[in-house]
$ cat query.pdb   # PDB, C-alpha atoms
ATOM      1  CA  MET A   1       0.000   0.000   0.000
ATOM      2  CA  VAL A   2       1.275   3.451  -0.852
ATOM      3  CA  LEU A   3      -0.074   6.406   1.128
ATOM      4  CA  VAL A   4       0.471  10.011   0.120
ATOM      5  CA  LEU A   5      -0.074  12.378   3.008
ATOM      6  CA  ALA A   6      -0.593  16.124   2.802
ATOM      7  CA  PRO A   7       2.783  17.890   3.058
ATOM      8  CA  LYS A   8       1.737  20.023   6.038
ATOM      9  CA  THR A   9       0.787  16.999   8.157
ATOM     10  CA  GLU A  10       2.547  17.236  11.508
ATOM     11  CA  GLU A  11       4.557  14.294  12.803
ATOM     12  CA  LYS A  12       2.095  13.494  15.605
ATOM     13  CA  ASP A  13      -0.799  13.455  13.110
ATOM     14  CA  ARG A  14       1.218  11.281  10.723
ATOM     15  CA  GLU A  15       1.844   8.777  13.518
ATOM     16  CA  LYS A  16      -1.870   8.813  14.384
ATOM     17  CA  ILE A  17      -2.798   8.047  10.779
ATOM     18  CA  LEU A  18      -0.341   5.157  10.544
ATOM     19  CA  LYS A  19      -1.592   3.764  13.869
ATOM     20  CA  LYS A  20      -5.204   4.093  12.682
ATOM     21  CA  VAL A  21      -4.399   2.201   9.485
ATOM     22  CA  ASP A  22      -2.618  -0.511  11.475
ATOM     23  CA  ALA A  23      -5.545  -0.728  13.926
ATOM     24  CA  TRP A  24      -8.059  -0.955  11.072
ATOM     25  CA  LEU A  25      -6.029  -3.730   9.454
ATOM     26  CA  GLY A  26      -5.734  -5.477  12.833
ATOM     27  CA  ASP A  27      -9.519  -5.475  13.111
ATOM     28  CA  HIS A  28      -9.688  -7.085   9.655
ATOM     29  CA  THR A  29      -7.093  -9.877  10.174
ATOM     30  CA  GLY A  30      -4.157  -7.921   8.775
ATOM     31  CA  LYS A  31      -1.113  -6.049   9.987
ATOM     32  CA  ILE A  32       1.602  -3.742   8.740
ATOM     33  CA  VAL A  33       4.846  -5.716   8.593
ATOM     34  CA  LYS A  34       7.065  -2.973   7.173
ATOM     35  CA  GLN A  35       6.889   0.819   6.888
ATOM     36  CA  ASP A  36       9.124   2.630   4.431
ATOM     37  CA  HIS A  37       9.149   6.428   4.446
ATOM     38  CA  TRP A  38      10.089   7.788   1.023
ATOM     39  CA  GLY A  39       9.884  11.388   2.178
ATOM     40  CA  MET A  40       8.533  14.493   0.516
ATOM     41  CA  LYS A  41       8.212  14.218  -3.274
ATOM     42  CA  ASP A  42       6.932  16.559  -5.960
ATOM     43  CA  LEU A  43       3.591  15.549  -7.445
ATOM     44  CA  VAL A  44       3.086  15.483 -11.213
ATOM     45  CA  TYR A  45      -0.192  17.357 -10.807
ATOM     46  CA  LYS A  46      -1.922  19.159  -7.949
ATOM     47  CA  ILE A  47      -3.941  17.007  -5.583
ATOM     48  CA  VAL A  48      -6.312  18.953  -3.330
ATOM     49  CA  GLY A  49      -4.184  22.048  -4.005
ATOM     50  CA  ASN A  50      -0.913  20.345  -2.989
ATOM     51  CA  THR A  51       2.161  20.213  -5.244
ATOM     52  CA  LYS A  52       4.110  17.943  -2.867
ATOM     53  CA  GLY A  53       3.242  14.828  -0.916
ATOM     54  CA  ASP A  54       4.722  12.788   1.926
ATOM     55  CA  PHE A  55       5.052   9.231   0.587
ATOM     56  CA  TRP A  56       4.795   6.084   2.729
ATOM     57  CA  VAL A  57       5.032   2.489   1.504
ATOM     58  CA  LEU A  58       3.415  -0.058   3.811
ATOM     59  CA  ASP A  59       3.823  -3.817   3.429
ATOM     60  CA  VAL A  60       0.670  -5.462   4.715
ATOM     61  CA  GLU A  61      -0.010  -9.118   5.470
ATOM     62  CA  ALA A  62      -3.451 -10.553   6.106
ATOM     63  CA  THR A  63      -4.671 -14.029   6.975
ATOM     64  CA  LYS A  64      -7.946 -13.404   5.126
ATOM     65  CA  PRO A  65      -8.675 -11.204   2.118
ATOM     66  CA  VAL A  66      -9.155  -7.570   3.092
ATOM     67  CA  LYS A  67     -12.405  -5.998   1.941
ATOM     68  CA  LEU A  68     -11.025  -3.314  -0.335
ATOM     69  CA  ASN A  69     -14.238  -1.298  -0.552
ATOM     70  CA  GLU A  70     -14.182  -0.901   3.253
ATOM     71  CA  LEU A  71     -10.479  -0.002   3.212
ATOM     72  CA  ASN A  72     -11.114   2.563   0.453
ATOM     73  CA  LEU A  73     -13.917   4.108   2.503
ATOM     74  CA  PHE A  74     -11.690   4.247   5.588
ATOM     75  CA  LEU A  75      -8.804   5.912   3.712
ATOM     76  CA  ASN A  76     -11.107   8.364   1.928
ATOM     77  CA  ARG A  77     -12.338   9.606   5.309
ATOM     78  CA  GLU A  78      -8.817  10.465   6.471
ATOM     79  CA  VAL A  79      -8.367  14.172   5.754
ATOM     80  CA  ASN A  80      -4.556  14.097   5.552
ATOM     81  CA  VAL A  81      -4.433  11.146   3.128
ATOM     82  CA  ILE A  82      -4.549  12.861  -0.249
ATOM     83  CA  ARG A  83      -3.960   9.737  -2.360
ATOM     84  CA  TYR A  84      -3.376   6.022  -1.883
ATOM     85  CA  LEU A  85      -2.649   2.955  -3.971
ATOM     86  CA  ILE A  86      -3.240  -0.633  -2.954
ATOM     87  CA  LEU A  87      -1.306  -3.360  -4.762
ATOM     88  CA  LYS A  88      -1.413  -7.116  -4.315
ATOM     89  CA  LYS A  89       1.799  -9.148  -4.333
TER      90      LYS A  89
END
$ encode --input "query.pdb" --output "structure tokens"
Amino acid sequence: MVLVLAPKTEEKDREKILKKVDAWLGDHTGKIVKQDHWGMKDLVYKIVGNTKGDFWVLDVEATKPVKLNELNLFLNREVNVIRYLILKK
């Protein structure tokens, strides 16, 4: 999973978001096994008025398939998550 956070997100809010994602996955038989912070990157086009984004790559493992429509809804409700991408290995 790749999360792009708003560039003005404070560190404490960023930690809250990552903990919320991990808690949501934990409730749905999954967990984050690896977090990789790619840092602030320029965006090709503006997203919600932002020209930069804070990129995070999360490796997720789950014992059962995760309901992607529920995960999409959860991530869409997070104000500081401006874009996300979910890939299956």
$ resolve_selection --input "query.pdb" --expression "the PyMOL selection byres ((chain A and resi 81) around 8)" --output "list of chain:residue names"
A:Leu3, A:Val4, A:Leu5, A:Ala6, A:Leu75, A:Asn76, A:Glu78, A:Val79, A:Asn80, A:Ile82, A:Arg83, A:Tyr84
$ residues_near_point --input "query.pdb" --point "(1.5, -11.7, 1.6)" --cutoff "10 Å" --atoms "all atoms listed in the file" --output "ChimeraX atom specification"
/A:30,33,59-63,88-89
$ closest_residue --input "query.pdb" --among "A:Ile86, A:Ile17, A:Val44, A:Val57" --to "Asn69 of chain A" --atoms "all atoms listed in the file"
A:Ile86
$ residues_around --input "query.pdb" --residues "segment 22-29 of chain A" --least-positions-apart "2" --cutoff "7 Å" --atoms "all atoms listed in the file" --output "CSV table (one decimal) with C-alpha atoms, in the coordinates of the input"
chain,number,residue,atom,x,y,z
A,18,LEU,CA,-0.3,5.2,10.5
A,19,LYS,CA,-1.6,3.8,13.9
A,20,LYS,CA,-5.2,4.1,12.7
A,31,LYS,CA,-1.1,-6.0,10.0
A,32,ILE,CA,1.6,-3.7,8.7
A,62,ALA,CA,-3.5,-10.6,6.1
A,63,THR,CA,-4.7,-14.0,7.0
A,64,LYS,CA,-7.9,-13.4,5.1
A,66,VAL,CA,-9.2,-7.6,3.1
$ closest_residue --input "query.pdb" --among "A:Arg14, A:Met1, A:Lys41, A:Glu70" --to "Leu58 of chain A" --atoms "only C-alpha atoms"
A:Met1
$ atom_distance --input "query.pdb" --atom1 "atom CA of Val21 of chain A" --atom2 "atom CA of Phe55 of chain A"
14.8 Å
$ atom_distance --input "query.pdb" --atom1 "atom CA of Gln35 of chain A" --atom2 "atom CA of Leu87 of chain A"
14.8 Å
$ atom_distance --input "query.pdb" --atom1 "atom CA of Leu68 of chain A" --atom2 "atom CA of Trp56 of chain A"
18.7 Å
$ closest_residue --input "query.pdb" --among "A:Pro7, A:Arg77, A:Val2, A:Lys16" --to "Asp54 of chain A" --atoms "all atoms listed in the file"
A:Pro7
$ decode --input "query.pdb" --residues "segment 71-82 of chain A" --atoms "N, CA and C atoms" --output "mmCIF file, in the first residue's frame"
data_model
loop_
_atom_site.group_PDB
_atom_site.id
_atom_site.type_symbol
_atom_site.label_atom_id
_atom_site.label_comp_id
_atom_site.auth_asym_id
_atom_site.auth_seq_id
_atom_site.Cartn_x
_atom_site.Cartn_y
_atom_site.Cartn_z
ATOM 1 N N LEU A 71 -11.767 -0.679 3.045
ATOM 2 C CA LEU A 71 -10.479 -0.002 3.212
ATOM 3 C C LEU A 71 -10.475 1.319 2.443
ATOM 4 N N ASN A 72 -11.015 1.324 1.235
ATOM 5 C CA ASN A 72 -11.114 2.563 0.453
ATOM 6 C C ASN A 72 -11.935 3.609 1.201
ATOM 7 N N LEU A 73 -13.054 3.195 1.757
ATOM 8 C CA LEU A 73 -13.917 4.108 2.503
ATOM 9 C C LEU A 73 -13.173 4.678 3.715
ATOM 10 N N PHE A 74 -12.465 3.820 4.421
ATOM 11 C CA PHE A 74 -11.690 4.247 5.588
ATOM 12 C C PHE A 74 -10.628 5.279 5.190
ATOM 13 N N LEU A 75 -9.872 4.997 4.131
ATOM 14 C CA LEU A 75 -8.804 5.912 3.712
ATOM 15 C C LEU A 75 -9.360 7.210 3.142
ATOM 16 N N ASN A 76 -10.495 7.148 2.467
ATOM 17 C CA ASN A 76 -11.107 8.364 1.928
ATOM 18 C C ASN A 76 -11.575 9.309 3.030
ATOM 19 N N ARG A 77 -11.880 8.782 4.190
ATOM 20 C CA ARG A 77 -12.338 9.606 5.309
ATOM 21 C C ARG A 77 -11.197 10.301 6.042
ATOM 22 N N GLU A 78 -9.980 9.839 5.830
ATOM 23 C CA GLU A 78 -8.817 10.465 6.471
ATOM 24 C C GLU A 78 -8.463 11.744 5.712
ATOM 25 N N VAL A 79 -8.555 12.863 6.389
ATOM 26 C CA VAL A 79 -8.367 14.172 5.754
ATOM 27 C C VAL A 79 -6.949 14.353 5.219
ATOM 28 N N ASN A 80 -5.952 13.888 5.952
ATOM 29 C CA ASN A 80 -4.556 14.097 5.552
ATOM 30 C C ASN A 80 -4.045 13.102 4.525
ATOM 31 N N VAL A 81 -4.812 12.075 4.195
ATOM 32 C CA VAL A 81 -4.433 11.146 3.128
ATOM 33 C C VAL A 81 -4.988 11.726 1.828
ATOM 34 N N ILE A 82 -4.074 12.222 0.981
ATOM 35 C CA ILE A 82 -4.549 12.861 -0.249
ATOM 36 C C ILE A 82 -4.614 11.883 -1.417
#
